[in-house]
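What follows is the content of data_8.cif, which has mmCIF, C-alpha atoms:
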data_work
#
loop_
_atom_site.label_atom_id
_atom_site.label_comp_id
_atom_site.auth_asym_id
_atom_site.auth_seq_id
_atom_site.Cartn_x
_atom_site.Cartn_y
_atom_site.Cartn_z
CA MET A 3 -1.73 -0.23 2.92
CA PHE A 4 -1.39 3.47 2.17
CA ILE A 5 -1.18 5.63 5.29
CA ASP A 6 -1.02 9.40 4.92
CA GLU A 7 -1.41 10.53 8.55
CA ALA A 8 0.49 9.37 11.63
CA GLU A 9 1.58 10.58 15.04
CA ILE A 10 5.02 9.77 16.39
CA VAL A 11 7.09 10.76 19.43
CA VAL A 12 10.71 11.77 18.90
CA THR A 13 13.18 12.05 21.76
CA ALA A 14 16.69 13.33 21.41
CA GLY A 15 19.42 11.73 23.50
CA LYS A 16 20.30 12.83 27.03
CA GLY A 17 23.75 14.27 27.52
CA GLY A 18 26.21 12.10 29.41
CA ASP A 19 27.12 13.10 32.96
CA GLY A 20 30.39 14.76 33.80
CA VAL A 21 32.55 12.71 36.16
CA VAL A 22 34.44 13.36 39.39
CA SER A 23 37.90 11.82 39.10
CA PHE A 24 41.44 12.50 40.36
CA ARG A 25 44.77 11.55 38.91
CA ARG A 26 46.15 8.37 40.37
CA GLU A 27 49.82 8.24 39.54
CA LYS A 28 52.74 6.47 41.17
CA PHE A 29 54.44 8.68 43.71
CA VAL A 30 51.59 11.25 43.37
CA PRO A 31 49.25 10.34 46.23
CA LYS A 32 47.03 13.38 45.85
CA GLY A 33 46.73 14.08 42.13
CA GLY A 34 44.60 16.88 40.77
CA PRO A 35 41.14 16.59 39.19
CA ASP A 36 40.93 14.91 35.80
CA GLY A 37 37.22 14.13 35.38
CA GLY A 38 36.11 14.36 31.74
CA ASP A 39 32.94 15.82 30.25
CA GLY A 40 29.97 13.75 29.20
CA GLY A 41 29.16 13.31 25.52
CA ASP A 42 26.31 15.19 23.89
CA GLY A 43 23.06 13.36 23.26
CA GLY A 44 22.16 12.42 19.68
CA HIS A 45 19.83 14.60 17.63
CA VAL A 46 16.71 13.58 15.71
CA PHE A 47 16.59 14.60 12.04
CA LEU A 48 13.88 14.53 9.38
CA ARG A 49 14.91 13.89 5.78
CA VAL A 50 13.07 13.73 2.46
CA LYS A 51 13.41 10.51 0.50
CA GLU A 52 12.01 10.73 -3.00
CA ASN A 53 10.85 7.12 -3.34
CA ILE A 54 8.63 7.25 -0.24
CA HIS A 55 4.94 8.02 -0.87
CA GLY A 56 3.25 7.42 2.49
CA LEU A 57 3.80 6.81 6.18
CA ALA A 58 3.33 3.04 6.35
CA GLY A 59 6.98 2.60 7.30
CA LEU A 60 6.46 4.67 10.46
CA VAL A 61 3.44 2.84 11.81
CA ALA A 62 5.31 -0.05 13.39
CA THR A 63 7.65 2.29 15.26
CA ARG A 64 5.75 5.10 16.89
CA THR A 65 8.64 6.23 19.09
CA TYR A 66 12.02 7.35 17.81
CA ARG A 67 14.83 7.95 20.26
CA ALA A 68 18.38 9.08 19.61
CA GLU A 69 21.19 7.60 21.66
CA ASP A 70 22.25 9.13 24.97
CA GLY A 71 25.72 10.56 25.35
CA GLN A 72 28.19 8.51 27.39
CA PRO A 73 29.50 9.79 30.75
CA GLY A 74 32.96 11.28 30.98
CA ARG A 75 35.87 9.30 32.34
CA GLY A 76 39.08 9.91 34.21
CA LYS A 77 42.20 11.31 32.58
CA GLN A 78 39.95 14.03 31.12
CA GLN A 79 38.43 11.59 28.63
CA HIS A 80 35.35 12.96 26.93
CA GLY A 81 32.34 10.64 26.80
CA ARG A 82 31.23 9.50 23.36
CA ASN A 83 28.46 11.53 21.74
CA GLY A 84 25.16 9.73 21.20
CA ARG A 85 24.26 8.56 17.70
CA ASP A 86 21.70 10.60 15.79
CA VAL A 87 18.44 9.22 14.41
CA THR A 88 17.20 10.19 10.96
CA ILE A 89 13.58 9.64 9.92
CA ASP A 90 12.85 9.46 6.18
CA LEU A 91 9.64 11.08 4.93
CA ALA A 92 7.80 11.56 1.65
CA PRO A 93 8.49 14.86 -0.14
CA GLY A 94 4.98 16.20 0.48
CA THR A 95 4.92 15.71 4.24
CA LEU A 96 3.69 18.41 6.60
CA VAL A 97 5.13 18.19 10.12
CA TYR A 98 3.06 19.49 13.04
CA ARG A 99 3.94 19.78 16.70
CA VAL A 100 1.14 18.36 18.85
CA ALA A 101 0.41 19.85 22.27
CA ASP A 102 -2.74 18.53 23.90
CA THR A 103 -5.26 18.82 21.05
CA GLU A 104 -3.54 21.71 19.29
CA ARG A 105 -1.36 21.38 16.21
CA GLN A 106 1.32 23.85 15.17
CA LEU A 107 2.91 23.58 11.73
CA LEU A 108 6.67 23.25 12.08
CA LEU A 109 7.90 22.13 8.67
CA ASP A 110 6.75 21.64 5.13
CA MET A 111 9.17 19.03 3.83
CA ALA A 112 8.48 20.17 0.28
CA ALA A 113 10.77 23.10 1.05
CA HIS A 114 13.53 20.90 2.48
CA ARG A 115 14.29 18.29 -0.16
CA ASP A 116 18.08 18.75 -0.16
CA ALA A 117 19.12 18.51 3.48
CA ALA A 118 18.17 16.77 6.72
CA ILE A 119 16.44 19.04 9.23
CA ARG A 120 17.08 18.71 12.94
CA ILE A 121 13.73 18.46 14.70
CA ALA A 122 14.92 17.59 18.24
CA ARG A 123 18.22 18.67 19.75
CA GLY A 124 20.24 16.34 21.92
CA GLY A 125 21.14 17.39 25.46
CA ARG A 126 24.57 18.81 26.21
CA GLY A 127 26.99 16.67 28.12
CA GLY A 128 27.77 17.56 31.72
CA LEU A 129 31.08 19.03 32.89
CA GLY A 130 33.71 16.97 34.67
CA ASN A 131 35.31 18.17 37.88
CA VAL A 132 38.41 19.40 36.05
CA HIS A 133 36.42 22.52 35.21
CA PHE A 134 35.82 23.37 38.87
CA ALA A 135 39.41 23.47 40.10
CA SER A 136 40.58 26.78 41.48
CA ALA A 137 43.31 28.18 43.69
CA THR A 138 41.06 27.74 46.70
CA ASN A 139 39.56 24.41 45.67
CA GLN A 140 42.21 22.17 44.21
CA THR A 141 40.29 18.94 44.76
CA PRO A 142 36.75 19.75 43.57
CA ARG A 143 34.20 17.00 43.99
CA GLU A 144 31.71 18.71 41.75
CA ALA A 145 30.50 17.68 38.31
CA THR A 146 27.31 18.45 36.40
CA PRO A 147 24.79 16.00 34.97
CA GLY A 148 23.98 15.86 31.28
CA LYS A 149 20.99 17.81 30.01
CA PRO A 150 17.90 15.98 28.77
CA GLY A 151 17.22 15.91 25.04
CA GLU A 152 14.20 17.55 23.48
CA GLN A 153 11.04 15.47 23.15
CA LEU A 154 8.26 16.25 20.70
CA ARG A 155 5.00 14.63 19.68
CA LEU A 156 4.64 15.10 15.94
CA ALA A 157 1.71 14.73 13.58
CA LEU A 158 2.76 13.87 10.03
CA VAL A 159 0.42 14.49 7.10
CA VAL A 160 1.37 13.51 3.56
CA GLN A 161 0.11 15.68 0.73
CA HIS A 162 1.51 14.31 -2.49
CA ILE A 163 3.39 16.56 -4.85
CA ALA A 164 2.75 16.09 -8.55
CA ASP A 165 2.66 18.26 -11.63
CA ILE A 166 -0.66 16.85 -12.81
CA GLY A 167 -3.48 15.45 -10.68
CA ILE A 168 -5.86 13.12 -12.55
CA ILE A 169 -9.37 13.61 -11.20
CA GLY A 170 -12.85 12.36 -11.97
CA LEU A 171 -15.63 10.14 -10.67
CA PRO A 172 -14.82 6.54 -9.73
CA ASN A 173 -14.11 4.09 -12.56
CA VAL A 174 -13.49 6.57 -15.39
CA GLY A 175 -10.13 5.13 -16.46
CA LYS A 176 -7.65 7.20 -14.43
CA SER A 177 -5.48 4.26 -13.42
CA THR A 178 -5.59 2.75 -16.91
CA PHE A 179 -4.37 5.99 -18.44
CA LEU A 180 -1.60 6.46 -15.87
CA ALA A 181 -0.41 2.90 -16.38
CA ARG A 182 -0.23 3.40 -20.15
CA VAL A 183 1.77 6.63 -20.13
CA SER A 184 4.07 6.20 -17.13
CA ASP A 185 6.09 3.78 -15.06
CA ALA A 186 3.28 3.46 -12.50
CA ARG A 187 1.61 0.07 -12.05
CA PRO A 188 -1.69 0.81 -10.30
CA LYS A 189 -4.36 -1.82 -9.76
CA VAL A 190 -6.81 -1.65 -12.66
CA ALA A 191 -10.26 -3.26 -12.76
CA ASN A 192 -13.71 -2.42 -14.07
CA TYR A 193 -15.43 -1.51 -10.84
CA PRO A 194 -15.61 1.62 -8.68
CA PHE A 195 -12.97 2.42 -6.06
CA THR A 196 -10.30 0.11 -7.43
CA THR A 197 -7.90 2.91 -6.48
CA LEU A 198 -7.85 3.46 -2.74
CA GLU A 199 -4.61 5.45 -2.64
CA PRO A 200 -2.90 7.97 -4.89
CA ASN A 201 -0.57 6.45 -7.46
CA LEU A 202 2.37 8.43 -8.84
CA GLY A 203 3.90 7.97 -12.27
CA VAL A 204 6.71 9.74 -14.09
CA VAL A 205 5.81 10.66 -17.67
CA GLU A 206 8.38 11.42 -20.38
CA HIS A 207 7.04 12.83 -23.65
CA ALA A 208 8.62 14.88 -26.42
CA GLY A 209 11.51 15.96 -24.24
CA ALA A 210 9.30 16.89 -21.28
CA ARG A 211 9.28 15.06 -17.97
CA PHE A 212 6.55 15.44 -15.35
CA VAL A 213 4.87 13.58 -12.50
CA MET A 214 1.23 12.59 -12.58
CA ALA A 215 -0.89 11.52 -9.60
CA ASP A 216 -3.93 9.29 -10.03
CA ILE A 217 -6.29 10.69 -7.39
CA PRO A 218 -8.91 8.16 -6.20
CA GLY A 219 -12.38 8.81 -7.58
CA LEU A 220 -14.53 11.48 -6.01
CA ILE A 221 -18.21 11.13 -5.18
CA ARG A 222 -20.93 13.63 -4.36
CA GLY A 223 -20.38 14.78 -0.76
CA ALA A 224 -16.65 14.04 -0.78
CA ALA A 225 -15.88 17.53 0.56
CA GLU A 226 -18.02 16.69 3.60
CA GLY A 227 -16.03 13.51 4.12
CA LYS A 228 -18.33 11.02 2.42
CA GLY A 229 -16.53 7.93 1.23
CA LEU A 230 -12.86 8.74 1.67
CA GLY A 231 -13.40 12.27 0.42
CA HIS A 232 -11.12 14.26 2.71
CA GLN A 233 -8.32 11.74 2.32
CA PHE A 234 -8.60 11.98 -1.47
CA LEU A 235 -9.10 15.72 -1.87
CA LYS A 236 -6.11 16.82 0.17
CA HIS A 237 -3.77 15.16 -2.32
CA ILE A 238 -5.08 17.44 -5.08
CA VAL A 239 -3.96 20.53 -3.16
CA ARG A 240 -0.29 19.91 -3.95
CA THR A 241 -0.72 19.40 -7.71
CA SER A 242 0.11 22.16 -10.19
CA ALA A 243 -2.58 21.37 -12.75
CA LEU A 244 -5.52 19.00 -13.23
CA LEU A 245 -6.54 16.45 -15.84
CA HIS A 246 -10.28 15.85 -15.54
CA LEU A 247 -11.41 12.52 -17.01
CA ILE A 248 -15.04 11.90 -17.92
CA ASP A 249 -16.30 8.47 -18.97
CA ALA A 250 -17.63 8.30 -22.55
CA GLN A 251 -20.31 5.90 -21.27
CA SER A 252 -21.71 8.45 -18.81
CA GLN A 253 -25.42 9.16 -19.04
CA ASP A 254 -24.78 12.83 -18.24
CA PRO A 255 -21.12 13.82 -18.78
CA LEU A 256 -21.71 17.50 -18.01
CA ALA A 257 -23.33 16.63 -14.69
CA ASP A 258 -20.38 14.37 -13.86
CA TYR A 259 -18.02 17.22 -14.61
CA GLN A 260 -19.96 19.64 -12.43
CA THR A 261 -20.18 17.11 -9.57
CA VAL A 262 -16.42 16.86 -9.32
CA ARG A 263 -15.95 20.62 -9.73
CA ALA A 264 -18.46 21.26 -6.95
CA GLU A 265 -16.53 18.99 -4.59
CA LEU A 266 -13.29 20.80 -5.41
CA ALA A 267 -14.94 24.15 -4.71
CA ALA A 268 -16.42 22.96 -1.42
CA PHE A 269 -13.08 21.63 -0.22
CA ASP A 270 -10.88 24.51 -1.43
CA PRO A 271 -12.23 27.14 -3.85
CA GLU A 272 -8.70 27.89 -5.04
CA LEU A 273 -8.66 24.51 -6.76
CA LEU A 274 -11.08 25.85 -9.37
CA ASN A 275 -8.35 28.23 -10.52
CA ARG A 276 -5.88 25.46 -11.27
CA PRO A 277 -5.00 24.99 -14.94
CA GLU A 278 -7.16 22.15 -16.23
CA LEU A 279 -7.53 19.88 -19.23
CA VAL A 280 -10.60 17.74 -19.87
CA ALA A 281 -10.49 14.37 -21.61
CA ILE A 282 -13.29 11.97 -22.49
CA SER A 283 -12.02 8.48 -21.70
CA ARG A 284 -12.89 5.14 -23.26
CA VAL A 285 -14.22 6.63 -26.50
CA ASP A 286 -13.39 3.30 -28.15
CA THR A 287 -16.57 1.96 -26.54
CA LEU A 288 -18.72 4.26 -28.72
CA ASP A 289 -19.46 4.05 -32.43
CA GLU A 290 -18.84 7.10 -34.60
CA ARG A 291 -22.43 8.31 -34.42
CA ALA A 292 -22.45 8.18 -30.63
CA GLN A 293 -19.12 9.99 -30.55
CA ARG A 294 -20.53 12.83 -32.67
CA ARG A 295 -23.50 13.16 -30.32
CA LEU A 296 -21.19 13.19 -27.33
CA TRP A 297 -19.02 15.89 -28.89
CA GLN A 298 -22.03 18.14 -29.34
CA THR A 299 -22.80 17.71 -25.64
CA VAL A 300 -19.32 18.40 -24.25
CA ARG A 301 -17.68 20.64 -26.86
CA ASP A 302 -17.76 23.71 -24.60
CA LEU A 303 -15.26 21.88 -22.35
CA LYS A 304 -12.90 21.53 -25.35
CA PRO A 305 -12.07 17.97 -24.38
CA ILE A 306 -9.62 15.57 -25.95
CA PHE A 307 -11.20 12.26 -26.92
CA LEU A 308 -9.10 9.53 -25.40
CA SER A 309 -8.72 5.78 -25.52
CA ALA A 310 -5.99 4.33 -23.36
CA ALA A 311 -6.82 0.93 -24.87
CA THR A 312 -6.23 1.91 -28.53
CA GLY A 313 -3.93 4.87 -27.98
CA ARG A 314 -6.27 7.41 -29.55
CA GLY A 315 -5.60 10.90 -28.27
CA VAL A 316 -2.82 9.80 -25.90
CA SER A 317 0.01 11.64 -27.68
CA ASP A 318 -2.10 14.80 -28.14
CA LEU A 319 -3.10 14.77 -24.50
CA LEU A 320 0.48 14.30 -23.28
CA THR A 321 1.62 17.16 -25.49
CA ALA A 322 -1.06 19.41 -24.03
CA LEU A 323 -0.21 18.33 -20.48
CA ALA A 324 3.49 18.98 -21.04
CA SER A 325 2.64 22.47 -22.27
CA LEU A 326 0.42 23.00 -19.23
CA VAL A 327 3.25 22.06 -16.89
CA THR A 328 5.79 24.19 -18.76
CA THR A 329 3.68 27.35 -19.11
CA GLY A 330 1.39 27.02 -16.12
CA GLY A 331 -1.43 28.19 -18.37
CA SER A 332 -4.77 26.53 -19.12
CA THR A 333 -5.77 25.29 -22.51
CA SER A 334 -9.37 24.80 -21.43
CA SER A 335 -12.10 27.40 -21.31
#
Show how you would write the structure in this file as C-alpha cells.
Amino acid sequence: MFIDEAEIVVTAGKGGDGVVSFRREKFVPKGGPDGGDGGDGGHVFLRVKENIHGLAGLVATRTYRAEDGQPGRGKQQHGRNGRDVTIDLAPGTLVYRVADTERQLLLDMAAHRDAAIRIARGGRGGLGNVHFASATNQTPREATPGKPGEQLRLALVVQHIADIGIIGLPNVGKSTFLARVSDARPKVANYPFTTLEPNLGVVEHAGARFVMADIPGLIRGAAEGKGLGHQFLKHIVRTSALLHLIDAQSQDPLADYQTVRAELAAFDPELLNRPELVAISRVDTLDERAQRRLWQTVRDLKPIFLSAATGRGVSDLLTALASLVTTGGSTSS
C-alpha cells in the first residue's frame, strides 16, 4: 500500500540525572564529593533515503523515541549518552510541526539530501555534586536532574520528485510506456485506475539520465478531490516537466487534453507553465487512414505518435524528453 501522508510523534531522550556521591577510600572517612554528571539524552534525526518512495514504513511505528541518558556515578563517572534515533524519509517529503489543528512547515527534505537533520534535541544531563563544592560547602548534597528531551508531533507529506511527470486520463498507457523505457515495473492492465500510486522509473537514453513518474490517471473534478484527485495532483507539483499522453482510441482527444489541463489549472495554475510534450499513445491500434484523420485533429498540439507495444516513436520521444530536461524549455506550442 502506498501511503503519502502520516503523523508521527518524536521524542528526544531525557538527560540522565547528576548524582550525589562522596569518595569512600580506606583511611579517608570523610572524602570529598565525586558525583558524576548524567549523560545527554539522544537526539532524533531525519534523513533522506533515495530508495524510499512513501511512508508505509512509518505506519506501524507512530512514536519514535531516542534513548535517555544514563545517570552519573561516583568517582566522577559521566553517565552514558542516550542513543540517537534516525528516521529515513523519501526525498520529496515535507515535514510539518503540528500544534492543535495548525501545521507549520519545518523542513523540505528535498533541500537536505546529503545530511541527517536533527529535528528533536535530547535533554542535557544533570550535574553531579562535584560541581557544587566550595570553601564553605565541602560536602554538598546537591545535584541537578537531567533535562527533558524535545517532543514534537510531525505531519509528513510526500511529494515525489521527478524530472518528468506522465499525465493523462485513466488507462491511456502511462504505465506501459514507463515500463518499456525504464527500470520501473508498474502494474499494467487494460482497465481504468490500474495505477493507484505514483511509480518512478530511471530512464537512460543517448547519454542522458532522468527520472519519470507515472502519475495515476486524472478525471474531471480531480482538483475538487473527486476520485483520488488531490492525492494524485500533488505529486505533479514536484516534477520539472510533463509528458501528456492521449489515447489514440479516444472519441475526442482534444477534449481529453483540455480536461486534464483544466484540472491542473484548478489545482495549481502554475502547472500550466511547466514545459510539456504531448504524445498520442497506442497508435498501433489504428490503421493508416485513421491515423491521418487523427493527425488532422491533434496537429496543433504537435504530438509524437507513440506505440509502446511496437516501439514506434519511443526513441524520438525519449530524445525530446531528454532535451526538455536538459534545457528546461518546451517543444510544444
**OP:** Please provide as an MDAnalysis selection string all residues within 12 Å of Gln260 of chain A, with the sequence filter that same-chain residues fewer than 2 positions apart are discarded (counting all atoms listed in the file).
**Re:** chainID A and resid 170:171 220:222 246 248 254:258 262:267 274 300 303
Pull the closest atom pair for each residue of segment 88-123 of chain A that gets at most 12 Å from segment 4-22 of chain A, along with the distance in Å to one decimal, counting all atoms listed in the file, ordering rows by chain and then ascending residue number, as a tab-separated table.
residue	atom	partner	partner_atom	distance
A:Thr88	CA	A:Val12	CA	10.4
A:Ile89	CA	A:Val12	CA	9.7
A:Leu91	CA	A:Asp6	CA	10.8
A:Ala92	CA	A:Asp6	CA	9.7
A:Gly94	CA	A:Asp6	CA	10.1
A:Thr95	CA	A:Asp6	CA	8.7
A:Leu96	CA	A:Glu7	CA	9.6
A:Val97	CA	A:Glu9	CA	9.7
A:Tyr98	CA	A:Glu9	CA	9.3
A:Arg99	CA	A:Glu9	CA	9.6
A:Val100	CA	A:Glu9	CA	8.7
A:Ala101	CA	A:Val11	CA	11.6
A:Arg105	CA	A:Glu9	CA	11.3
A:Arg120	CA	A:Ala14	CA	10.0
A:Ile121	CA	A:Val12	CA	8.5
A:Ala122	CA	A:Ala14	CA	5.6
A:Arg123	CA	A:Ala14	CA	5.8
Subject >> Between atom CA of Leu154 of chain A and atom CA of Leu108 of chain A - distance in Å to one decimal >> reply: 11.2 Å
**OP:** Apply the PyMOL selection byres ((chain A and resi 308) around 7) to the structure shown and report the selected residues as a ChimeraX atom specification.
**Re:** /A:281-285,306-307,309-310,314-316
I'd like the box whose edges run along x, y and z of the file and which contains every listed atom of segment 90-94 of chain A, padded by 3 Å per side; could you state its centre and edge lengths in Å, one decimal, as AutoDock Vina command-line options?
--center_x 8.9 --center_y 12.8 --center_z 3.0 --size_x 13.9 --size_y 12.7 --size_z 12.3
**OP:** Expand the PyMOL selection byres ((chain A and resi 167) around 6) into the individual residues it matches in the shown file, reporting them as a VMD selection string.
**Re:** chain A and resid 166 168 214 to 215 241 244
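Between atom CA of Pro277 of chain A and atom CA of Asn53 of chain A the interatomic distance comes to 26.6 Å.
When atom CA of Glu278 of chain A is paired with atom CA of Thr329 of chain A, their separation reads 12.4 Å.
Applied to the shown file, the PyMOL selection byres ((chain A and resi 126) around 9) selects the residues Lys16, Gly17, Gly18, Gly40, Gly41, Asp42, Gly43, Gly71, Gly124, Gly125, Gly127, Gly128, Gly148, Lys149, Pro150 and Gly151 of chain A.
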Any idea what's packed within 8 Å of segment 24-28 of chain A, counting only C-alpha atoms, ignoring anything in its chain fewer than 5 positions away? Could you give it as a CSV table (one decimal) with C-alpha atoms, in the frame of the given file?
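Output contents, as saved in part19.csv:
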chain,number,residue,atom,x,y,z
A,33,GLY,CA,46.7,14.1,42.1
A,34,GLY,CA,44.6,16.9,40.8
A,35,PRO,CA,41.1,16.6,39.2
A,36,ASP,CA,40.9,14.9,35.8
A,37,GLY,CA,37.2,14.1,35.4
A,76,GLY,CA,39.1,9.9,34.2
A,77,LYS,CA,42.2,11.3,32.6
A,141,THR,CA,40.3,18.9,44.8
Original post:
Which is closest to Asp318 of chain A among A:Arg67, A:Gln293, A:Ala208, A:Thr299, if we use only C-alpha atoms?
Top reply: A:Ala208
Subject >> Top pick for closest residue to Ala250 of chain A, considering A:Gly203, A:Pro305, A:Pro271, A:Gly209 and counting all atoms listed in the file >> reply: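 That would be A:Pro305, the residue with the smallest distance to Ala250 of chain A.
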**OP:** Kindly extract all protein, DNA and RNA residues lying within 7 Å of the coordinates (-17.2, 5.0, -14.1) given in the file, considering all atoms listed in the file, and supply them as a PyMOL selection string.
**Re:** chain A and resi 171-174+194+249
